[in-house]
Amino acid sequence: MHDGSKQKRLSPMQPLLIAVLLGLGCAWLNCPIINQLSEVLSELFIRLLKLVSLPIIFFSLLATLSGMSSMRHMRIFGGVVLKYTLLTTLSAAGLALLLYILINPANGPSILITKSDDIPEKINYWQHILNTVPSNIIEPFYQNNSTAVLLLALLLSTAVISLKTPHKATLQQLFESLFAAIMQMTRLIMKLIPLAVWGFITQFAQELKSQSVLQGLPLYLLCILLANIIQAMAVLPILLKMNGLSPWKAVKAMWPALTIAFFSKSSSAALASAVDCAENRLGVDKQIARFSMPLCITVNMNACAAFILITVLFVSQSHGVHYSALELVGWIFIATVAAIGNASVPMGCYMLSSAFLSTMGVPLPLLAIILPFYALIDMLESAINVWSDACVTAVAAQHLHKTTNSQPENNTHRVF
């Protein structure tokens with residue numbers, strides 16, 4: 001009986017393993033038709049996930065916040081989540097600085113270049129901050145601006161909470177039903193995961209085959225990888241342990257969402273799965289999960305903070321910029337704030353690093369060397385960001401359970 005149950009639990013992984021093996025085999029064959037098919041399937045899956053990601057953020061927050069009894073209730077929830085978001089992001093940036101000082105990648109062989117056509121167009125970061133406040137209610141959705149959607153959901157939720165009971169109850173039920181419909185649509189999309197993983201693996205292996213190893217980058221890449229891995233495998237598990245939670249159980253519960261984030265290179269694309277895993281596998285009360293996960297996925301960017309700090313220091317010091325000890329410590333806070341306020345643009349961490357370097361007057365061509373590797377780094381960072389979101393959500397739920405006399409309504413089971 002026990003063995004049969006165990007085998008049943010392992011069976012969902014079998015299609016994924018088969019997809020990975022087939023993807024590696026297809027990449028080795030290097031057939032143009034197969035490569036094109038993998039690209040189409042990968043793009044189709046990502047588009048479908050993006051189709052539901054913003055509605056999930058919007059309706060999950062509306063359904064949760066509009067159901068709260070008062071503004072005080074919403075402030076308590078948000079305060080706890082943001083406290084742990086700030087704590088984990090600061091720790092990620094601090095760890096990145098420590099590793100950067102120890103490894104000192106900028107003192108390796110010179111890899112400076114003079115020109116490149118591969119640098120993305122310079123962005124106006126302040127304009128992205130301004131775009132956080134939409135000029136109309138539809139704008140955030142057609143511009144795919146998750147931060148503006150979050151702000152709109154918070155404003156509308158605040159208004160709904162202040163309404164009288166009949167209107168409030170009607171709207172809350174409407175938002176709950178719309179959220180349920182979006183989640184059902186997402187479950188249908190999730191059935192395409194094996195095909196999507198095959199496409200992602202085929203493309204990923206092709207990219208690896210086409211990249212040349214450049215001298216001077218290994219220490220920089222090692223610094224990035226260590227900062228992310230230590231944050232994911234040491235700092236965040238310690239946070240869970242300190243709050244009486246099991247890191248191993250949390251990893252197993254969130255594994256489907258982490259897999260999606262890794263292969264899609266998007267924490268937003270993994271949002272639907274992350275909310276579902278937090279509720280049904282991690283054991284977080286649905287009211288907390290539906291509030292915390294969308295909020296965290298929007299503002300909790302541990303890996304982004306580490307990438308910004310290490311990349312800005314590496315590129316600027318490679319061009320002869322020197323920093324005092326106080327300035328280096330200051331970059332912990334700069335990277336933290338930048339990661340939390342990360343604009344919803346493609347390759348956000350990379351673009352933010354570019355914006356900082358441009359402001360400092362540092363030449364950007366060196367970023368062209370980093371760019372091909374960023375696709376690989378982005379896969380790891382996306383998964384770690386979702387893992388951090390899950391840890392913050394679990395710890396916040398535990399904190400709220402301990403500091404309130406009664407469980408949140410509709411609670412089905414405690415965390416672990």
# chains A, B, ... in the order shown; residues from 1 in each chain; ligands from 1

call {"tool": "residues_around", "arguments": {"residues": "segment 349-356 of chain A", "least_positions_apart": "5", "cutoff": "6 Å", "atoms": "only C-alpha atoms", "output": "ChimeraX atom specification"}}
result
/A:304,308,312

call {"tool": "closest_atom_pairs", "arguments": {"of": "segment 212-318 of chain A", "to": "segment 59-64 of chain A", "cutoff": "9 Å", "atoms": "only C-alpha atoms", "output": "JSON lines"}}
result
{"residue": "A:Lys286", "atom": "CA", "partner": "A:Thr64", "partner_atom": "CA", "distance": 8.5}
{"residue": "A:Gln287", "atom": "CA", "partner": "A:Thr64", "partner_atom": "CA", "distance": 5.6}
{"residue": "A:Ile288", "atom": "CA", "partner": "A:Thr64", "partner_atom": "CA", "distance": 7.9}
{"residue": "A:Arg290", "atom": "CA", "partner": "A:Ser60", "partner_atom": "CA", "distance": 5.3}
{"residue": "A:Phe291", "atom": "CA", "partner": "A:Leu61", "partner_atom": "CA", "distance": 5.4}
{"residue": "A:Ser292", "atom": "CA", "partner": "A:Leu61", "partner_atom": "CA", "distance": 8.7}
{"residue": "A:Pro294", "atom": "CA", "partner": "A:Leu61", "partner_atom": "CA", "distance": 7.3}
{"residue": "A:Leu295", "atom": "CA", "partner": "A:Leu61", "partner_atom": "CA", "distance": 8.2}

call {"tool": "write_last_selection", "arguments": {"atoms": "C-alpha atoms", "output": "mmCIF file, in the first residue's frame"}}
result
data_model
loop_
_atom_site.group_PDB
_atom_site.id
_atom_site.type_symbol
_atom_site.label_atom_id
_atom_site.label_comp_id
_atom_site.auth_asym_id
_atom_site.auth_seq_id
_atom_site.Cartn_x
_atom_site.Cartn_y
_atom_site.Cartn_z
ATOM 1 C CA LYS A 286 -5.615 30.514 0.892
ATOM 2 C CA GLN A 287 -6.305 34.069 2.064
ATOM 3 C CA ILE A 288 -2.623 34.531 2.891
ATOM 4 C CA ARG A 290 -3.467 34.664 -2.623
ATOM 5 C CA PHE A 291 -2.302 37.920 -1.069
ATOM 6 C CA SER A 292 1.352 37.138 -0.394
ATOM 7 C CA PRO A 294 1.299 37.895 -6.103
ATOM 8 C CA LEU A 295 2.748 40.644 -3.920
#

call {"tool": "atom_distance", "arguments": {"atom1": "atom CA of Ala180 of chain A", "atom2": "atom CA of Leu44 of chain A"}}
result
22.9 Å

call {"tool": "select_by_dssp", "arguments": {"residues": "segment 231-271 of chain A", "states": "helix (DSSP H, G or I)", "output": "count of residues only"}}
result
31

call {"tool": "closest_atom_pairs", "arguments": {"of": "segment 294-410 of chain A", "to": "segment 74-92 of chain A", "cutoff": "6 Å", "atoms": "only C-alpha atoms", "output": "CSV"}}
result
residue,atom,partner,partner_atom,distance
A:Asn300,CA,A:Thr85,CA,5.5
A:Asn302,CA,A:Thr89,CA,4.6
A:Ala306,CA,A:Ala92,CA,5.8
A:Thr336,CA,A:Leu90,CA,5.8
A:Val392,CA,A:Tyr84,CA,5.9
A:Ala396,CA,A:Val81,CA,5.8
